>>> print(open('query_26.txt').read())   # compact mmCIF, C-alpha atoms
# COMPACT_ATOMS: atom_id res chain seq x y z
CA MET A 1 -23.88 2.89 -11.39
CA LEU A 2 -22.41 4.02 -8.13
CA VAL A 3 -21.06 0.78 -6.71
CA CYS A 4 -18.00 -0.89 -5.21
CA LEU A 5 -15.69 -3.04 -7.35
CA ASP A 6 -18.00 -6.06 -7.00
CA GLY A 7 -21.22 -4.13 -7.67
CA THR A 8 -22.35 -3.84 -4.04
CA VAL A 9 -23.63 -0.55 -2.64
CA PRO A 10 -20.94 1.63 -0.99
CA GLY A 11 -21.26 2.92 2.55
CA TYR A 12 -20.27 5.39 5.23
CA HIS A 13 -20.32 5.72 9.02
CA LEU A 14 -21.82 8.84 10.60
CA ASP A 15 -21.64 10.12 14.17
CA ARG A 16 -23.85 13.18 14.58
CA GLY A 17 -22.52 16.47 15.87
CA PHE A 18 -23.89 18.19 18.95
CA GLY A 19 -23.86 21.54 20.73
CA SER A 20 -21.75 24.17 19.00
CA GLY A 21 -20.63 21.61 16.41
CA ALA A 22 -24.10 20.65 15.18
CA ASP A 23 -23.62 22.49 11.86
CA SER A 24 -19.96 21.55 11.34
CA TRP A 25 -18.95 18.56 9.22
CA LEU A 26 -15.80 16.44 9.04
CA ILE A 27 -15.65 13.99 6.13
CA HIS A 28 -12.85 11.45 6.43
CA LEU A 29 -11.97 9.31 3.42
CA GLU A 30 -10.78 5.81 4.22
CA GLY A 31 -7.47 4.60 2.76
CA GLY A 32 -6.15 1.21 1.77
CA GLY A 33 -3.91 1.16 -1.30
CA TRP A 34 -5.04 0.78 -4.90
CA CYS A 35 -5.59 -1.94 -7.47
CA ASN A 36 -3.65 -1.43 -10.68
CA THR A 37 -4.42 -4.61 -12.63
CA ILE A 38 -7.52 -6.68 -13.38
CA ARG A 39 -6.04 -9.47 -11.28
CA ASN A 40 -5.43 -7.21 -8.27
CA CYS A 41 -8.91 -5.74 -8.52
CA VAL A 42 -10.54 -9.18 -8.80
CA TYR A 43 -8.71 -10.20 -5.63
CA ARG A 44 -9.72 -6.95 -3.96
CA LYS A 45 -13.42 -7.32 -4.68
CA ASN A 46 -13.56 -10.18 -2.19
CA THR A 47 -12.37 -7.94 0.64
CA ARG A 48 -13.77 -4.93 2.53
CA ARG A 49 -11.65 -2.78 0.19
CA GLY A 50 -13.76 -3.83 -2.78
CA SER A 51 -17.13 -4.86 -1.45
CA SER A 52 -19.52 -3.64 1.22
CA LYS A 53 -20.38 -7.30 1.93
CA TYR A 54 -17.21 -7.50 4.00
CA MET A 55 -17.46 -4.13 5.77
CA GLU A 56 -18.10 -3.86 9.50
CA ASN A 57 -21.42 -2.28 10.49
CA GLN A 58 -19.74 -0.29 13.23
CA ILE A 59 -16.16 0.85 13.60
CA PRO A 60 -14.40 2.71 16.41
CA PHE A 61 -14.08 6.46 15.84
CA THR A 62 -10.69 7.48 17.23
CA GLY A 63 -8.27 10.35 16.73
CA ILE A 64 -9.74 13.01 14.45
CA LEU A 65 -13.06 11.08 14.50
CA SER A 66 -13.36 10.85 18.30
CA ASN A 67 -16.36 12.44 20.07
CA LYS A 68 -14.41 13.19 23.25
CA PRO A 69 -12.86 16.62 23.81
CA GLU A 70 -9.90 15.13 25.64
CA GLU A 71 -9.11 13.02 22.54
CA ASN A 72 -10.07 15.45 19.77
CA PRO A 73 -10.15 19.02 21.13
CA ASP A 74 -11.37 20.91 18.05
CA PHE A 75 -13.64 18.53 16.14
CA PHE A 76 -15.14 16.26 18.83
CA ASN A 77 -18.67 17.70 18.56
CA TRP A 78 -18.81 17.99 14.77
CA ASN A 79 -20.77 15.68 12.52
CA ARG A 80 -18.05 13.11 11.76
CA VAL A 81 -18.25 10.81 8.74
CA LYS A 82 -15.98 8.04 7.54
CA LEU A 83 -16.57 7.25 3.88
CA ARG A 84 -15.60 3.65 3.16
CA TYR A 85 -13.16 2.96 0.34
CA CYS A 86 -14.13 0.18 -2.07
CA ASP A 87 -13.19 1.38 -5.57
CA GLY A 88 -9.42 0.90 -5.57
CA ALA A 89 -8.53 4.27 -7.17
CA SER A 90 -8.78 6.90 -4.42
CA PHE A 91 -12.44 7.65 -5.24
CA SER A 92 -11.44 8.89 -8.71
CA GLY A 93 -12.01 6.19 -11.35
CA ASP A 94 -14.92 5.91 -13.74
CA SER A 95 -14.99 2.85 -15.98
CA GLU A 96 -15.68 -0.87 -15.87
CA ASP A 97 -14.40 -4.22 -17.06
CA GLU A 98 -17.36 -6.34 -18.05
CA SER A 99 -15.48 -9.58 -18.65
CA ALA A 100 -13.96 -9.50 -15.15
CA GLN A 101 -17.20 -8.15 -13.66
CA LEU A 102 -15.44 -5.14 -12.17
CA GLN A 103 -16.94 -1.71 -11.60
CA PHE A 104 -14.54 1.22 -11.26
CA ARG A 105 -16.87 3.88 -9.89
CA GLY A 106 -14.89 5.85 -7.31
CA GLN A 107 -15.83 9.24 -8.71
CA LYS A 108 -19.53 8.38 -8.71
CA ILE A 109 -19.27 7.01 -5.15
CA TRP A 110 -17.71 10.30 -4.06
CA LEU A 111 -20.39 12.40 -5.76
CA ALA A 112 -23.26 10.25 -4.45
CA ALA A 113 -21.88 10.32 -0.91
CA MET A 114 -21.61 14.11 -0.99
CA GLU A 115 -25.15 14.42 -2.34
CA GLU A 116 -26.46 12.12 0.38
CA LEU A 117 -24.64 13.97 3.16
CA MET A 118 -25.80 17.35 1.86
CA SER A 119 -29.36 16.08 2.17
CA LYS A 120 -28.62 14.89 5.73
CA GLY A 121 -27.78 18.42 6.84
CA MET A 122 -24.35 19.17 5.40
CA GLN A 123 -25.86 21.74 3.03
CA LYS A 124 -26.26 24.09 5.97
CA ALA A 125 -22.74 23.57 7.28
CA ASP A 126 -20.96 26.71 8.43
CA GLN A 127 -17.68 24.77 8.80
CA ALA A 128 -16.44 21.73 6.88
CA LEU A 129 -13.20 19.77 6.66
CA LEU A 130 -12.42 17.04 4.15
CA SER A 131 -9.75 14.69 5.47
CA GLY A 132 -8.39 11.29 4.58
CA CYS A 133 -5.53 8.95 5.25
CA SER A 134 -3.16 7.25 2.80
CA ALA A 135 -5.08 6.51 -0.43
CA GLY A 136 -7.84 8.56 1.23
CA GLY A 137 -5.33 11.34 1.85
CA LEU A 138 -4.58 11.38 -1.86
CA ALA A 139 -8.34 11.43 -2.49
CA SER A 140 -8.76 14.44 -0.20
CA ILE A 141 -6.31 16.35 -2.42
CA ILE A 142 -8.00 15.19 -5.64
CA HIS A 143 -11.47 16.15 -4.38
CA CYS A 144 -10.55 19.20 -2.28
CA ASP A 145 -11.83 21.84 -4.71
CA GLU A 146 -14.94 19.81 -5.56
CA PHE A 147 -15.65 19.67 -1.82
CA GLY A 148 -15.11 23.42 -1.53
CA SER A 149 -17.54 24.09 -4.36
CA LEU A 150 -20.38 22.41 -2.44
CA PHE A 151 -20.54 25.28 0.04
CA GLY A 152 -21.29 28.99 -0.11
CA LYS A 153 -18.73 31.72 0.38
CA SER A 154 -19.77 32.23 4.00
CA SER A 155 -18.75 28.69 5.01
CA LYS A 156 -15.23 27.88 6.17
CA VAL A 157 -14.05 24.90 4.11
CA LYS A 158 -10.61 23.30 4.18
CA CYS A 159 -8.92 19.96 3.44
CA LEU A 160 -6.43 17.75 5.26
CA SER A 161 -4.29 15.07 3.62
CA ASP A 162 -2.78 12.62 6.11
CA GLY A 163 -0.10 10.25 4.81
CA GLY A 164 -1.27 11.00 1.28
CA PHE A 165 1.80 12.76 -0.08
CA PHE A 166 3.10 9.94 -2.27
CA LEU A 167 6.28 10.95 -4.07
CA ASP A 168 7.20 10.08 -7.63
CA ALA A 169 10.50 8.75 -6.31
CA MET A 170 13.18 6.39 -7.54
CA ASP A 171 13.31 3.02 -5.80
CA VAL A 172 16.51 1.35 -4.54
CA SER A 173 17.09 -0.39 -7.89
CA GLY A 174 16.80 2.85 -9.86
CA GLY A 175 13.29 2.03 -11.10
CA ARG A 176 10.00 3.80 -10.43
CA THR A 177 7.84 1.27 -8.62
CA LEU A 178 5.12 3.67 -7.48
CA ARG A 179 4.96 5.43 -10.85
CA THR A 180 4.35 2.04 -12.48
CA LEU A 181 1.62 1.25 -9.94
CA PHE A 182 -0.07 4.64 -10.33
CA GLY A 183 0.15 4.37 -14.12
CA GLY A 184 -1.77 1.10 -13.94
CA VAL A 185 -4.45 2.60 -11.66
CA VAL A 186 -4.91 5.68 -13.87
CA GLN A 187 -5.14 3.68 -17.08
CA LEU A 188 -7.27 0.80 -15.79
CA GLN A 189 -9.81 3.02 -14.06
CA ASP A 190 -9.88 5.94 -16.51
CA VAL A 191 -8.82 8.35 -13.78
CA GLN A 192 -7.64 11.19 -16.04
CA LYS A 193 -11.26 12.33 -16.51
CA ASN A 194 -11.23 13.44 -12.88
CA LEU A 195 -7.78 15.02 -12.56
CA PRO A 196 -7.21 18.80 -12.70
CA LYS A 197 -7.34 20.06 -16.29
CA SER A 198 -4.72 22.67 -15.42
CA CYS A 199 -2.31 19.84 -14.57
CA LEU A 200 -3.16 17.73 -17.63
CA ASP A 201 -2.36 20.72 -19.83
CA GLN A 202 1.24 20.46 -18.61
CA LEU A 203 1.84 16.80 -17.70
CA ASP A 204 0.73 13.23 -18.46
CA PRO A 205 -2.18 11.73 -16.44
CA THR A 206 0.04 9.52 -14.27
CA SER A 207 2.13 12.53 -13.22
CA CYS A 208 -1.09 14.39 -12.34
CA PHE A 209 -2.09 11.56 -9.97
CA PHE A 210 0.97 12.40 -7.87
CA PRO A 211 0.27 15.02 -5.19
CA GLN A 212 3.55 16.86 -5.89
CA ASN A 213 2.06 17.86 -9.27
CA MET A 214 -1.51 18.34 -8.01
CA ILE A 215 -1.13 20.60 -4.98
CA GLU A 216 -0.32 23.74 -6.98
CA HIS A 217 -3.72 23.39 -8.69
CA VAL A 218 -5.74 23.17 -5.44
CA GLU A 219 -7.35 26.49 -4.53
CA THR A 220 -9.14 25.43 -1.34
CA PRO A 221 -6.91 25.70 1.77
CA LEU A 222 -5.04 22.41 2.20
CA PHE A 223 -2.98 20.96 5.06
CA LEU A 224 -0.35 18.27 4.45
CA LEU A 225 0.32 15.95 7.38
CA ASN A 226 3.01 13.42 6.54
CA ALA A 227 5.88 11.53 8.11
CA ALA A 228 9.10 12.50 6.34
CA TYR A 229 10.06 8.81 6.40
CA ASP A 230 6.63 7.50 5.46
CA VAL A 231 6.84 3.79 6.26
CA TRP A 232 4.32 2.85 3.60
CA GLN A 233 6.44 4.55 0.96
CA VAL A 234 9.66 3.07 2.30
CA GLN A 235 8.15 -0.42 2.07
CA ALA A 236 6.03 -0.22 -1.06
CA SER A 237 7.68 2.48 -3.18
CA LEU A 238 11.36 2.84 -2.22
CA ALA A 239 12.38 -0.70 -1.25
CA PRO A 240 9.64 -3.14 -2.31
CA PRO A 241 10.68 -6.79 -2.77
CA SER A 242 10.58 -6.31 -6.55
CA ALA A 243 13.32 -3.66 -6.32
CA ASP A 244 15.28 -5.38 -3.53
CA ARG A 245 15.47 -8.98 -4.68
CA LEU A 246 18.21 -9.92 -2.24
CA GLY A 247 16.27 -8.54 0.71
CA SER A 248 19.10 -6.26 1.79
CA TRP A 249 16.55 -3.68 2.96
CA ASN A 250 14.48 -6.11 5.05
CA GLU A 251 16.13 -5.28 8.38
CA CYS A 252 15.98 -1.55 7.72
CA LYS A 253 12.32 -1.74 6.64
CA SER A 254 11.27 -3.67 9.72
CA ASN A 255 12.99 -1.23 12.11
CA HIS A 256 14.74 1.97 11.10
CA ALA A 257 17.29 1.43 13.89
CA ASN A 258 18.72 -1.36 11.70
CA CYS A 259 19.35 0.84 8.65
CA SER A 260 22.93 1.14 7.42
CA SER A 261 24.42 4.59 6.90
CA SER A 262 23.96 4.32 3.12
CA GLN A 263 20.34 3.24 3.56
CA MET A 264 19.76 6.13 5.95
CA GLN A 265 21.23 8.50 3.37
CA PHE A 266 18.76 7.15 0.79
CA LEU A 267 15.95 7.93 3.24
CA GLN A 268 17.34 11.41 3.92
CA ASP A 269 17.32 12.03 0.16
CA PHE A 270 13.67 10.97 0.12
CA ARG A 271 12.88 13.50 2.86
CA ASN A 272 14.77 16.18 0.96
CA GLN A 273 12.74 15.41 -2.16
CA MET A 274 9.54 15.74 -0.14
CA LEU A 275 10.61 19.09 1.31
CA GLY A 276 11.58 20.32 -2.15
CA ASP A 277 8.21 19.29 -3.57
CA ILE A 278 6.29 21.32 -0.95
CA LYS A 279 8.46 24.45 -1.03
CA ASP A 280 6.19 26.50 -3.33
CA PHE A 281 3.07 25.08 -1.68
CA SER A 282 4.22 26.18 1.76
CA SER A 283 4.82 29.78 0.67
CA SER A 284 1.06 30.41 0.49
CA SER A 285 -0.43 31.79 3.71
CA GLN A 286 -3.49 29.53 3.53
CA THR A 287 -1.69 26.18 3.42
CA GLY A 288 -0.63 24.18 6.47
CA LEU A 289 2.14 21.65 7.07
CA PHE A 290 3.13 19.09 9.68
CA ILE A 291 6.04 17.04 8.33
CA ASN A 292 7.54 15.12 11.23
CA SER A 293 10.74 13.10 11.05
CA CYS A 294 9.10 9.84 12.05
CA PHE A 295 8.77 6.35 10.59
CA ALA A 296 4.98 6.42 10.54
CA HIS A 297 1.97 6.51 8.21
CA CYS A 298 -1.53 7.86 8.89
CA GLN A 299 -1.25 9.82 12.12
CA SER A 300 -4.72 11.45 12.34
CA GLU A 301 -6.77 8.27 12.85
CA ARG A 302 -4.69 6.77 15.64
CA GLN A 303 -5.38 8.27 19.04
CA GLU A 304 -1.80 7.94 20.23
CA THR A 305 -0.46 10.00 17.35
CA TRP A 306 -3.34 12.51 16.97
CA PHE A 307 -3.67 13.71 20.57
CA ALA A 308 -2.40 11.96 23.67
CA ASP A 309 -0.02 12.60 26.55
CA ASP A 310 2.96 11.38 24.56
CA SER A 311 1.89 12.06 20.99
CA PRO A 312 4.39 13.30 18.37
CA LEU A 313 5.31 16.96 18.64
CA ILE A 314 6.95 19.61 16.53
CA GLU A 315 8.00 22.58 18.66
CA ASP A 316 5.87 21.24 21.53
CA LYS A 317 2.73 21.11 19.42
CA PRO A 318 0.83 17.84 18.82
CA ILE A 319 -0.82 17.14 15.48
CA ALA A 320 -4.39 17.80 16.68
CA VAL A 321 -3.42 21.26 17.93
CA ALA A 322 -1.46 22.08 14.77
CA VAL A 323 -4.42 21.12 12.55
CA GLY A 324 -6.87 23.01 14.77
CA ASP A 325 -4.69 26.14 14.89
CA TRP A 326 -4.53 26.10 11.08
CA TYR A 327 -8.21 25.29 10.51
CA PHE A 328 -9.49 28.03 12.82
CA ASP A 329 -6.81 30.52 11.72
CA ARG A 330 -5.46 30.78 15.26
CA GLU A 331 -1.99 30.81 13.78
CA VAL A 332 0.05 30.00 10.68
CA VAL A 333 1.25 26.39 10.86
CA LYS A 334 4.27 25.39 8.80
CA ALA A 335 5.76 22.71 11.03
CA ILE A 336 8.73 20.95 9.48
CA ASP A 337 10.81 18.78 11.77
CA CYS A 338 14.59 18.64 11.80
CA ALA A 339 15.98 15.51 10.12
CA TYR A 340 16.23 12.10 11.79
CA PRO A 341 17.35 11.31 14.46
CA CYS A 342 16.51 14.59 16.21
CA ASP A 343 12.86 13.93 17.13
CA ASN A 344 12.30 11.79 20.23
CA SER A 345 8.51 12.20 20.30
CA CYS A 346 7.87 9.87 17.34
CA HIS A 347 5.69 6.80 17.46
CA ASN A 348 7.78 4.82 15.02
CA LEU A 349 6.19 1.74 13.55
CA VAL A 350 8.12 -1.53 13.76
CA PHE A 351 7.28 -4.46 11.51
CA ASN A 352 7.96 -8.16 11.25
CA PHE A 353 8.88 -9.26 7.75
CA LYS A 354 8.60 -13.00 7.51
>>> encode(input="query_26.txt", output="structure tokens")
Amino acid sequence: MLVCLDGTVPGYHLDRGFGSGADSWLIHLEGGGWCNTIRNCVYRKNTRRGSSKYMENQIPFTGILSNKPEENPDFFNWNRVKLRYCDGASFSGDSEDESAQLQFRGQKIWLAAMEELMSKGMQKADQALLSGCSAGGLASIIHCDEFGSLFGKSSKVKCLSDGGFFLDAMDVSGGRTLRTLFGGVVQLQDVQKNLPKSCLDQLDPTSCFFPQNMIEHVETPLFLLNAAYDVWQVQASLAPPSADRLGSWNECKSNHANCSSSQMQFLQDFRNQMLGDIKDFSSSSQTGLFINSCFAHCQSERQETWFADDSPLIEDKPIAVAVGDWYFDREVVKAIDCAYPCDNSCHNLVFNFK
């Protein structure tokens, strides 16, 4: 069974490459959180994140998926695919819950999609890039080596994780909100079957679902694109309502300009943890980094952050150029921003918490 949570057939969007990009393939994995309990997954199966019944037939391809050179200078004429996300476990589960009528088939969806795309011409790709954002960015790390193994030695194959570097971090109450969430996902969906054996030999399955423990086991060249103050992690992992019952973080979460000095220090510690977790990873010549000091999440899909007149920069280089320079080996890219508040090119996200 290769199906979404509710048993419907999964799907993808494809825009064919042309010209010099006709044999190059970009596979972008959609994000959208996870479901860690039966109840959450039952709710999810009545949305586009759990059922193809609710998916749009057509979606706009922007940023890294755009077909215009002025919007996407290096990948505009590639075959570009967006694989829809409807399994709730970053394309990595493989189990079911019969009583709740839930199918956890992310791994099978991934394998079937790759098989289908290979038959549509990807098997003769001379260049390929697996990317993804958020939960899809985590999936692009999990599946990076599997993706690499699809192609021969003569093909250039790399992976990009955008906003997928979720830290095993302490929340504001001293608990581990995200670890609890990930533990539920891994257990409910039997994810450990699809995690790197080399990691499981050293750590428990939940730890191996965290990128900080997975990246050292990835052999295919990998690029980490992440905001140092990832707004999704600030809101859902560091200061979720469950860890901040009095709502003392609400103002700070809705707009970083409202953070107190002690809250800002907590966020600086988070950035320092992120930089510590990628130190060994960044020492390899084949890896790439773009860690900007912004309050953002998922910067490759949005045109304004990927490549535009005022997009975020590190040392005058926008994200699209940094990723392209790394992919095509034009130069080594290890772009790490100075700490907040030094970067004035950010597109910081502002939220309304009702």
>>> residues_around(input="query_26.txt", residues="A:Ser52", least_positions_apart="6", cutoff="12 Å", atoms="all atoms listed in the file", output="PyMOL selection string")
chain A and resi 3-12+44-46+83-87
>>> atom_distance(input="query_26.txt", atom1="atom CA of A:Phe75", atom2="atom CA of A:Leu289")
18.5 Å
>>> residues_around(input="query_26.txt", residues="stretch 110-127 of chain A", least_positions_apart="4", cutoff="7 Å", atoms="only C-alpha atoms", output="tab-separated table (two decimals) with C-alpha atoms, keeping the file's coordinate frame")
chain	number	residue	atom	x	y	z
A	23	ASP	CA	-23.62	22.49	11.86
A	24	SER	CA	-19.96	21.55	11.34
A	25	TRP	CA	-18.95	18.56	9.22
A	91	PHE	CA	-12.44	7.65	-5.24
A	106	GLY	CA	-14.89	5.85	-7.31
A	155	SER	CA	-18.75	28.69	5.01
A	156	LYS	CA	-15.23	27.88	6.17
A	157	VAL	CA	-14.05	24.90	4.11
>>> closest_residue(input="query_26.txt", among="A:Leu102, A:Leu238, A:Cys259, A:Cys346", to="A:Cys35", atoms="all atoms listed in the file")
A:Leu102
>>> residues_around(input="query_26.txt", residues="stretch 61-67 of chain A", least_positions_apart="4", cutoff="8 Å", atoms="only C-alpha atoms", output="ChimeraX atom specification")
/A:71-72,75-77,80-81,300-307,320
>>> residues_around(input="query_26.txt", residues="stretch 184-187 of chain A", least_positions_apart="3", cutoff="9 Å", atoms="only C-alpha atoms", output="list in words")
Trp34, Cys35, Asn36, Thr37, Gly88, Ala89, Ser92, Gly93, Arg179, Thr180, Leu181, Asp190, Val191, Gln192, Pro205, Thr206 and Phe209 of chain A
>>> atom_distance(input="query_26.txt", atom1="atom CA of A:Lys197", atom2="atom CA of A:Leu222")
18.8 Å
>>> atom_distance(input="query_26.txt", atom1="atom CA of A:Ser248", atom2="atom CA of A:Gly276")
27.9 Å
>>> closest_residue(input="query_26.txt", among="A:Thr220, A:Gln107, A:Ser285, A:Ser95", to="A:Leu130", atoms="all atoms listed in the file")
A:Thr220
>>> closest_atom_pairs(input="query_26.txt", of="stretch 175-292 of chain A", to="stretch 321-331 of chain A", cutoff="12 Å", atoms="all atoms listed in the file", output="tab-separated table")
residue	atom	partner	partner_atom	distance
A:Thr220	CA	A:Tyr327	CA	11.9
A:Pro221	CA	A:Tyr327	CA	8.8
A:Leu222	CA	A:Tyr327	CA	9.3
A:Phe223	CA	A:Val323	CA	7.6
A:Leu224	CA	A:Val323	CA	9.5
A:Leu225	CA	A:Val323	CA	8.7
A:Ser285	CA	A:Trp326	CA	10.2
A:Gln286	CA	A:Trp326	CA	8.4
A:Thr287	CA	A:Trp326	CA	8.2
A:Gly288	CA	A:Trp326	CA	6.3
A:Leu289	CA	A:Ala322	CA	8.5
A:Phe290	CA	A:Ala322	CA	7.5
A:Ile291	CA	A:Ala322	CA	11.1
A:Asn292	CA	A:Ala322	CA	11.9
>>> closest_residue(input="query_26.txt", among="A:Cys199, A:Gln189, A:Ile142, A:Phe147", to="A:Asp94", atoms="only C-alpha atoms")
A:Gln189
>>> residues_around(input="query_26.txt", residues="A:Pro241", least_positions_apart="6", cutoff="12 Å", atoms="all atoms listed in the file", output="PyMOL selection string")
chain A and resi 171-173+177+234-235+247-250+253+353
>>> closest_residue(input="query_26.txt", among="A:Val42, A:Ala339, A:Ala257, A:Cys159", to="A:Phe270", atoms="all atoms listed in the file")
A:Ala339
>>> closest_residue(input="query_26.txt", among="A:Asn344, A:Ser140, A:Ser198, A:Asn258", to="A:Ile27", atoms="only C-alpha atoms")
A:Ser140
>>> closest_residue(input="query_26.txt", among="A:Asp280, A:Glu251, A:Asp309, A:Glu216", to="A:Asn352", atoms="only C-alpha atoms")
A:Glu251
